[in-house]
file input-v8.cif (mmCIF, N, CA and C atoms)
data_run
loop_
_atom_site.group_PDB
_atom_site.id
_atom_site.type_symbol
_atom_site.label_atom_id
_atom_site.label_comp_id
_atom_site.auth_asym_id
_atom_site.auth_seq_id
_atom_site.Cartn_x
_atom_site.Cartn_y
_atom_site.Cartn_z
ATOM 1 N N MET H 1 80.873 102.254 120.788
ATOM 2 C CA MET H 1 81.719 101.717 121.821
ATOM 3 C C MET H 1 81.700 102.686 123.007
ATOM 4 N N LYS H 2 81.622 102.123 124.208
ATOM 5 C CA LYS H 2 81.584 102.940 125.412
ATOM 6 C C LYS H 2 82.994 103.288 125.873
ATOM 7 N N LEU H 3 83.120 104.418 126.516
ATOM 8 C CA LEU H 3 84.388 104.861 127.079
ATOM 9 C C LEU H 3 84.828 103.896 128.176
ATOM 10 N N LEU H 4 86.118 103.632 128.254
ATOM 11 C CA LEU H 4 86.669 102.720 129.249
ATOM 12 C C LEU H 4 86.335 103.207 130.648
ATOM 13 N N ASN H 5 85.839 102.304 131.469
ATOM 14 C CA ASN H 5 85.518 102.588 132.858
ATOM 15 C C ASN H 5 86.820 102.678 133.649
ATOM 16 N N SER H 6 86.921 103.621 134.565
ATOM 17 C CA SER H 6 88.147 103.795 135.341
ATOM 18 C C SER H 6 88.467 102.562 136.181
ATOM 19 N N ASN H 7 87.457 101.758 136.520
ATOM 20 C CA ASN H 7 87.694 100.522 137.272
ATOM 21 C C ASN H 7 88.456 99.496 136.445
ATOM 22 N N ASP H 8 88.383 99.578 135.130
ATOM 23 C CA ASP H 8 89.047 98.625 134.238
ATOM 24 C C ASP H 8 90.416 99.108 133.762
ATOM 25 N N LEU H 9 90.817 100.280 134.175
ATOM 26 C CA LEU H 9 92.046 100.897 133.676
ATOM 27 C C LEU H 9 93.286 100.051 133.973
ATOM 28 N N GLU H 10 93.410 99.529 135.180
ATOM 29 C CA GLU H 10 94.587 98.722 135.534
ATOM 30 C C GLU H 10 94.649 97.432 134.718
ATOM 31 N N ALA H 11 93.506 96.818 134.468
ATOM 32 C CA ALA H 11 93.477 95.584 133.678
ATOM 33 C C ALA H 11 93.929 95.855 132.246
ATOM 34 N N VAL H 12 93.460 96.949 131.669
ATOM 35 C CA VAL H 12 93.849 97.292 130.297
ATOM 36 C C VAL H 12 95.330 97.659 130.252
ATOM 37 N N ARG H 13 95.813 98.325 131.281
ATOM 38 C CA ARG H 13 97.240 98.669 131.334
ATOM 39 C C ARG H 13 98.094 97.399 131.362
ATOM 40 N N SER H 14 97.672 96.408 132.114
ATOM 41 C CA SER H 14 98.385 95.135 132.169
ATOM 42 C C SER H 14 98.363 94.439 130.812
ATOM 43 N N MET H 15 97.221 94.445 130.151
ATOM 44 C CA MET H 15 97.112 93.830 128.821
ATOM 45 C C MET H 15 97.964 94.585 127.810
ATOM 46 N N TYR H 16 98.066 95.911 127.951
ATOM 47 C CA TYR H 16 98.884 96.722 127.045
ATOM 48 C C TYR H 16 100.338 96.244 127.091
ATOM 49 N N LEU H 17 100.823 95.951 128.285
ATOM 50 C CA LEU H 17 102.203 95.496 128.436
ATOM 51 C C LEU H 17 102.429 94.136 127.784
ATOM 52 N N GLN H 18 101.397 93.302 127.728
ATOM 53 C CA GLN H 18 101.510 91.951 127.184
ATOM 54 C C GLN H 18 101.226 91.870 125.684
ATOM 55 N N ALA H 19 100.599 92.872 125.129
ATOM 56 C CA ALA H 19 100.178 92.826 123.723
ATOM 57 C C ALA H 19 101.381 92.831 122.783
ATOM 58 N N GLN H 20 101.269 92.065 121.696
ATOM 59 C CA GLN H 20 102.331 92.012 120.695
ATOM 60 C C GLN H 20 102.368 93.289 119.865
ATOM 61 N N ASN H 21 101.218 93.789 119.483
ATOM 62 C CA ASN H 21 101.111 95.016 118.701
ATOM 63 C C ASN H 21 100.116 95.941 119.378
ATOM 64 N N LYS H 22 100.434 97.232 119.376
ATOM 65 C CA LYS H 22 99.599 98.230 120.031
ATOM 66 C C LYS H 22 99.480 99.441 119.127
ATOM 67 N N SER H 23 98.295 99.999 119.061
ATOM 68 C CA SER H 23 98.126 101.236 118.304
ATOM 69 C C SER H 23 96.925 101.980 118.850
ATOM 70 N N ALA H 24 96.873 103.256 118.534
ATOM 71 C CA ALA H 24 95.753 104.094 118.955
ATOM 72 C C ALA H 24 95.424 105.053 117.826
ATOM 73 N N SER H 25 94.148 105.324 117.661
ATOM 74 C CA SER H 25 93.722 106.285 116.647
ATOM 75 C C SER H 25 92.803 107.313 117.292
ATOM 76 N N LEU H 26 92.987 108.549 116.892
ATOM 77 C CA LEU H 26 92.218 109.665 117.438
ATOM 78 C C LEU H 26 90.846 109.725 116.789
ATOM 79 N N ASN H 27 89.822 109.875 117.607
ATOM 80 C CA ASN H 27 88.449 110.042 117.127
ATOM 81 C C ASN H 27 88.114 111.524 117.020
ATOM 82 N N SER H 28 87.076 111.842 116.297
ATOM 83 C CA SER H 28 86.673 113.241 116.102
ATOM 84 C C SER H 28 86.209 113.905 117.396
ATOM 85 N N ASP H 29 85.819 113.109 118.404
ATOM 86 C CA ASP H 29 85.367 113.688 119.671
ATOM 87 C C ASP H 29 86.497 113.874 120.678
ATOM 88 N N GLY H 30 87.743 113.624 120.265
ATOM 89 C CA GLY H 30 88.890 113.819 121.141
ATOM 90 C C GLY H 30 89.276 112.587 121.944
ATOM 91 N N THR H 31 88.509 111.508 121.830
ATOM 92 C CA THR H 31 88.876 110.254 122.482
ATOM 93 C C THR H 31 89.731 109.435 121.515
ATOM 94 N N TYR H 32 90.253 108.336 122.016
ATOM 95 C CA TYR H 32 91.096 107.457 121.204
ATOM 96 C C TYR H 32 90.533 106.047 121.203
ATOM 97 N N ASN H 33 90.713 105.344 120.098
ATOM 98 C CA ASN H 33 90.480 103.906 120.049
ATOM 99 C C ASN H 33 91.842 103.256 120.238
ATOM 100 N N LEU H 34 91.962 102.452 121.268
ATOM 101 C CA LEU H 34 93.193 101.737 121.583
ATOM 102 C C LEU H 34 93.032 100.294 121.125
ATOM 103 N N TYR H 35 93.961 99.827 120.300
ATOM 104 C CA TYR H 35 93.917 98.472 119.756
ATOM 105 C C TYR H 35 95.073 97.665 120.336
ATOM 106 N N LEU H 36 94.760 96.513 120.905
ATOM 107 C CA LEU H 36 95.765 95.619 121.467
ATOM 108 C C LEU H 36 95.657 94.278 120.761
ATOM 109 N N ASN H 37 96.753 93.848 120.123
ATOM 110 C CA ASN H 37 96.760 92.598 119.372
ATOM 111 C C ASN H 37 97.638 91.594 120.104
ATOM 112 N N PHE H 38 97.084 90.410 120.331
ATOM 113 C CA PHE H 38 97.793 89.360 121.057
ATOM 114 C C PHE H 38 98.203 88.208 120.154
ATOM 115 N N GLY H 39 98.129 88.404 118.849
ATOM 116 C CA GLY H 39 98.521 87.374 117.902
ATOM 117 C C GLY H 39 97.373 86.491 117.454
ATOM 118 N N TYR H 40 96.289 86.481 118.191
ATOM 119 C CA TYR H 40 95.139 85.643 117.839
ATOM 120 C C TYR H 40 93.855 86.450 117.754
ATOM 121 N N GLY H 41 93.959 87.729 117.946
ATOM 122 C CA GLY H 41 92.782 88.592 117.889
ATOM 123 C C GLY H 41 93.146 89.973 118.391
ATOM 124 N N CYS H 42 92.229 90.871 118.246
ATOM 125 C CA CYS H 42 92.493 92.255 118.619
ATOM 126 C C CYS H 42 91.395 92.740 119.560
ATOM 127 N N ASP H 43 91.791 93.350 120.659
ATOM 128 C CA ASP H 43 90.848 93.980 121.580
ATOM 129 C C ASP H 43 90.868 95.476 121.314
ATOM 130 N N GLU H 44 89.724 96.102 121.422
ATOM 131 C CA GLU H 44 89.597 97.533 121.139
ATOM 132 C C GLU H 44 88.935 98.220 122.329
ATOM 133 N N TYR H 45 89.496 99.358 122.726
ATOM 134 C CA TYR H 45 88.977 100.121 123.858
ATOM 135 C C TYR H 45 88.902 101.591 123.483
ATOM 136 N N LYS H 46 87.887 102.271 123.954
ATOM 137 C CA LYS H 46 87.758 103.712 123.756
ATOM 138 C C LYS H 46 88.243 104.384 125.033
ATOM 139 N N VAL H 47 89.248 105.253 124.902
ATOM 140 C CA VAL H 47 89.873 105.869 126.070
ATOM 141 C C VAL H 47 90.050 107.369 125.862
ATOM 142 N N THR H 48 90.189 108.076 126.978
ATOM 143 C CA THR H 48 90.510 109.497 126.916
ATOM 144 C C THR H 48 92.022 109.638 126.735
ATOM 145 N N GLU H 49 92.469 110.834 126.416
ATOM 146 C CA GLU H 49 93.909 111.069 126.270
ATOM 147 C C GLU H 49 94.629 110.822 127.591
ATOM 148 N N LYS H 50 94.024 111.229 128.694
ATOM 149 C CA LYS H 50 94.621 111.022 130.018
ATOM 150 C C LYS H 50 94.759 109.527 130.323
ATOM 151 N N GLN H 51 93.716 108.743 130.015
ATOM 152 C CA GLN H 51 93.783 107.297 130.222
ATOM 153 C C GLN H 51 94.850 106.667 129.336
ATOM 154 N N LEU H 52 94.923 107.091 128.082
ATOM 155 C CA LEU H 52 95.911 106.551 127.152
ATOM 156 C C LEU H 52 97.327 106.824 127.649
ATOM 157 N N ASN H 53 97.580 108.032 128.107
ATOM 158 C CA ASN H 53 98.903 108.368 128.632
ATOM 159 C C ASN H 53 99.252 107.512 129.842
ATOM 160 N N TYR H 54 98.280 107.266 130.712
ATOM 161 C CA TYR H 54 98.513 106.420 131.885
ATOM 162 C C TYR H 54 98.819 104.982 131.466
ATOM 163 N N ILE H 55 98.052 104.454 130.541
ATOM 164 C CA ILE H 55 98.242 103.077 130.073
ATOM 165 C C ILE H 55 99.625 102.907 129.457
ATOM 166 N N ARG H 56 100.100 103.898 128.745
ATOM 167 C CA ARG H 56 101.393 103.813 128.045
ATOM 168 C C ARG H 56 102.599 104.019 128.953
ATOM 169 N N GLN H 57 102.400 104.398 130.201
ATOM 170 C CA GLN H 57 103.531 104.632 131.118
ATOM 171 C C GLN H 57 104.344 103.379 131.327
#
call {"tool": "encode", "arguments": {"input": "input-v8.cif", "output": "structure tokens"}}
result
Amino acid sequence: MKLLNSNDLEAVRSMYLQAQNKSASLNSDGTYNLYLNFGYGCDEYKVTEKQLNYIRQ
């Protein structure tokens, strides 16, 4: 999975606010897998810690 592009950060932040369930797991390389569940499926994004903190604001 590729790291989230900074151009897509606002879109993912908006989806984060709408998601029913949200979780993140730390990878061995220091990045995170962000999981957003909307009740009918799950989207997964690879993000840095800085991006994750911004999305969660």
call {"tool": "closest_residue", "arguments": {"input": "input-v8.cif", "among": "H:Leu36, H:Leu9, H:Leu3, H:Ile55", "to": "Ala24 (chain H)", "atoms": "all atoms listed in the file"}}
result
H:Leu36
call {"tool": "resolve_selection", "arguments": {"input": "input-v8.cif", "expression": "the PyMOL selection byres (((chain H and resi 17 and name CA) around 12) and name CA)", "output": "PyMOL selection string"}}
result
chain H and resi 10-16+18-22+36-38+55-57
call {"tool": "write_last_selection", "arguments": {"input": "input-v8.cif", "atoms": "N, CA and C atoms", "output": "compact mmCIF listing (two decimals), in the coordinates of the input"}}
result
# COMPACT_ATOMS: atom_id res chain seq x y z
N GLU H 10 93.41 99.53 135.18
CA GLU H 10 94.59 98.72 135.53
C GLU H 10 94.65 97.43 134.72
N ALA H 11 93.51 96.82 134.47
CA ALA H 11 93.48 95.58 133.68
C ALA H 11 93.93 95.86 132.25
N VAL H 12 93.46 96.95 131.67
CA VAL H 12 93.85 97.29 130.30
C VAL H 12 95.33 97.66 130.25
N ARG H 13 95.81 98.32 131.28
CA ARG H 13 97.24 98.67 131.33
C ARG H 13 98.09 97.40 131.36
N SER H 14 97.67 96.41 132.11
CA SER H 14 98.38 95.14 132.17
C SER H 14 98.36 94.44 130.81
N MET H 15 97.22 94.44 130.15
CA MET H 15 97.11 93.83 128.82
C MET H 15 97.96 94.58 127.81
N TYR H 16 98.07 95.91 127.95
CA TYR H 16 98.88 96.72 127.04
C TYR H 16 100.34 96.24 127.09
N GLN H 18 101.40 93.30 127.73
CA GLN H 18 101.51 91.95 127.18
C GLN H 18 101.23 91.87 125.68
N ALA H 19 100.60 92.87 125.13
CA ALA H 19 100.18 92.83 123.72
C ALA H 19 101.38 92.83 122.78
N GLN H 20 101.27 92.06 121.70
CA GLN H 20 102.33 92.01 120.70
C GLN H 20 102.37 93.29 119.86
N ASN H 21 101.22 93.79 119.48
CA ASN H 21 101.11 95.02 118.70
C ASN H 21 100.12 95.94 119.38
N LYS H 22 100.43 97.23 119.38
CA LYS H 22 99.60 98.23 120.03
C LYS H 22 99.48 99.44 119.13
N LEU H 36 94.76 96.51 120.90
CA LEU H 36 95.76 95.62 121.47
C LEU H 36 95.66 94.28 120.76
N ASN H 37 96.75 93.85 120.12
CA ASN H 37 96.76 92.60 119.37
C ASN H 37 97.64 91.59 120.10
N PHE H 38 97.08 90.41 120.33
CA PHE H 38 97.79 89.36 121.06
C PHE H 38 98.20 88.21 120.15
N ILE H 55 98.05 104.45 130.54
CA ILE H 55 98.24 103.08 130.07
C ILE H 55 99.62 102.91 129.46
N ARG H 56 100.10 103.90 128.74
CA ARG H 56 101.39 103.81 128.04
C ARG H 56 102.60 104.02 128.95
N GLN H 57 102.40 104.40 130.20
CA GLN H 57 103.53 104.63 131.12
C GLN H 57 104.34 103.38 131.33
call {"tool": "select_by_dssp", "arguments": {"input": "input-v8.cif", "residues": "chain H", "states": "strand (DSSP E or B)", "output": "JSON, numbers by chain"}}
result
{"H": [3, 21, 22, 23, 24, 25, 26, 32, 33, 34, 35, 36, 37, 42, 43, 44, 45, 46, 47]}
call {"tool": "resolve_selection", "arguments": {"input": "input-v8.cif", "expression": "the PyMOL selection byres ((chain H and resi 47-53) around 8)", "output": "list in words"}}
result
Lys2, Leu3, Leu4, Asn5, Leu9, Gly30, Thr31, Tyr32, Asn33, Leu34, Glu44, Tyr45, Lys46, Tyr54, Ile55, Arg56 and Gln57 of chain H
call {"tool": "write_last_selection", "arguments": {"input": "input-v8.cif", "atoms": "N, CA and C atoms", "output": "mmCIF file, keeping the file's coordinate frame"}}
result
data_model
loop_
_atom_site.group_PDB
_atom_site.id
_atom_site.type_symbol
_atom_site.label_atom_id
_atom_site.label_comp_id
_atom_site.auth_asym_id
_atom_site.auth_seq_id
_atom_site.Cartn_x
_atom_site.Cartn_y
_atom_site.Cartn_z
ATOM 1 N N LYS H 2 81.622 102.123 124.208
ATOM 2 C CA LYS H 2 81.584 102.940 125.412
ATOM 3 C C LYS H 2 82.994 103.288 125.873
ATOM 4 N N LEU H 3 83.120 104.418 126.516
ATOM 5 C CA LEU H 3 84.388 104.861 127.079
ATOM 6 C C LEU H 3 84.828 103.896 128.176
ATOM 7 N N LEU H 4 86.118 103.632 128.254
ATOM 8 C CA LEU H 4 86.669 102.720 129.249
ATOM 9 C C LEU H 4 86.335 103.207 130.648
ATOM 10 N N ASN H 5 85.839 102.304 131.469
ATOM 11 C CA ASN H 5 85.518 102.588 132.858
ATOM 12 C C ASN H 5 86.820 102.678 133.649
ATOM 13 N N LEU H 9 90.817 100.280 134.175
ATOM 14 C CA LEU H 9 92.046 100.897 133.676
ATOM 15 C C LEU H 9 93.286 100.051 133.973
ATOM 16 N N GLY H 30 87.743 113.624 120.265
ATOM 17 C CA GLY H 30 88.890 113.819 121.141
ATOM 18 C C GLY H 30 89.276 112.587 121.944
ATOM 19 N N THR H 31 88.509 111.508 121.830
ATOM 20 C CA THR H 31 88.876 110.254 122.482
ATOM 21 C C THR H 31 89.731 109.435 121.515
ATOM 22 N N TYR H 32 90.253 108.336 122.016
ATOM 23 C CA TYR H 32 91.096 107.457 121.204
ATOM 24 C C TYR H 32 90.533 106.047 121.203
ATOM 25 N N ASN H 33 90.713 105.344 120.098
ATOM 26 C CA ASN H 33 90.480 103.906 120.049
ATOM 27 C C ASN H 33 91.842 103.256 120.238
ATOM 28 N N LEU H 34 91.962 102.452 121.268
ATOM 29 C CA LEU H 34 93.193 101.737 121.583
ATOM 30 C C LEU H 34 93.032 100.294 121.125
ATOM 31 N N GLU H 44 89.724 96.102 121.422
ATOM 32 C CA GLU H 44 89.597 97.533 121.139
ATOM 33 C C GLU H 44 88.935 98.220 122.329
ATOM 34 N N TYR H 45 89.496 99.358 122.726
ATOM 35 C CA TYR H 45 88.977 100.121 123.858
ATOM 36 C C TYR H 45 88.902 101.591 123.483
ATOM 37 N N LYS H 46 87.887 102.271 123.954
ATOM 38 C CA LYS H 46 87.758 103.712 123.756
ATOM 39 C C LYS H 46 88.243 104.384 125.033
ATOM 40 N N TYR H 54 98.280 107.266 130.712
ATOM 41 C CA TYR H 54 98.513 106.420 131.885
ATOM 42 C C TYR H 54 98.819 104.982 131.466
ATOM 43 N N ILE H 55 98.052 104.454 130.541
ATOM 44 C CA ILE H 55 98.242 103.077 130.073
ATOM 45 C C ILE H 55 99.625 102.907 129.457
ATOM 46 N N ARG H 56 100.100 103.898 128.745
ATOM 47 C CA ARG H 56 101.393 103.813 128.045
ATOM 48 C C ARG H 56 102.599 104.019 128.953
ATOM 49 N N GLN H 57 102.400 104.398 130.201
ATOM 50 C CA GLN H 57 103.531 104.632 131.118
ATOM 51 C C GLN H 57 104.344 103.379 131.327
#
call {"tool": "atom_distance", "arguments": {"input": "input-v8.cif", "atom1": "atom N of Asn7 (chain H)", "atom2": "atom N of Gly39 (chain H)"}}
result
24.6 Å
call {"tool": "select_by_dssp", "arguments": {"input": "input-v8.cif", "residues": "chain H", "states": "alpha helix (DSSP H)", "output": "ChimeraX atom specification"}}
result
/H:9-18,49-56
call {"tool": "atom_distance", "arguments": {"input": "input-v8.cif", "atom1": "atom N of Tyr40 (chain H)", "atom2": "atom N of Ser23 (chain H)"}}
result
13.7 Å
call {"tool": "atom_distance", "arguments": {"input": "input-v8.cif", "atom1": "atom C of Asp43 (chain H)", "atom2": "CA of Met1 (chain H)"}}
result
11.1 Å
call {"tool": "axis_aligned_box", "arguments": {"input": "input-v8.cif", "around": "region 33-44 of chain H", "padding_each_side": "6 Å", "output": "JSON"}}
result
{"center_x": 93.7, "center_y": 95.5, "center_z": 119.9, "size_x": 21.6, "size_y": 31.7, "size_z": 16.9}
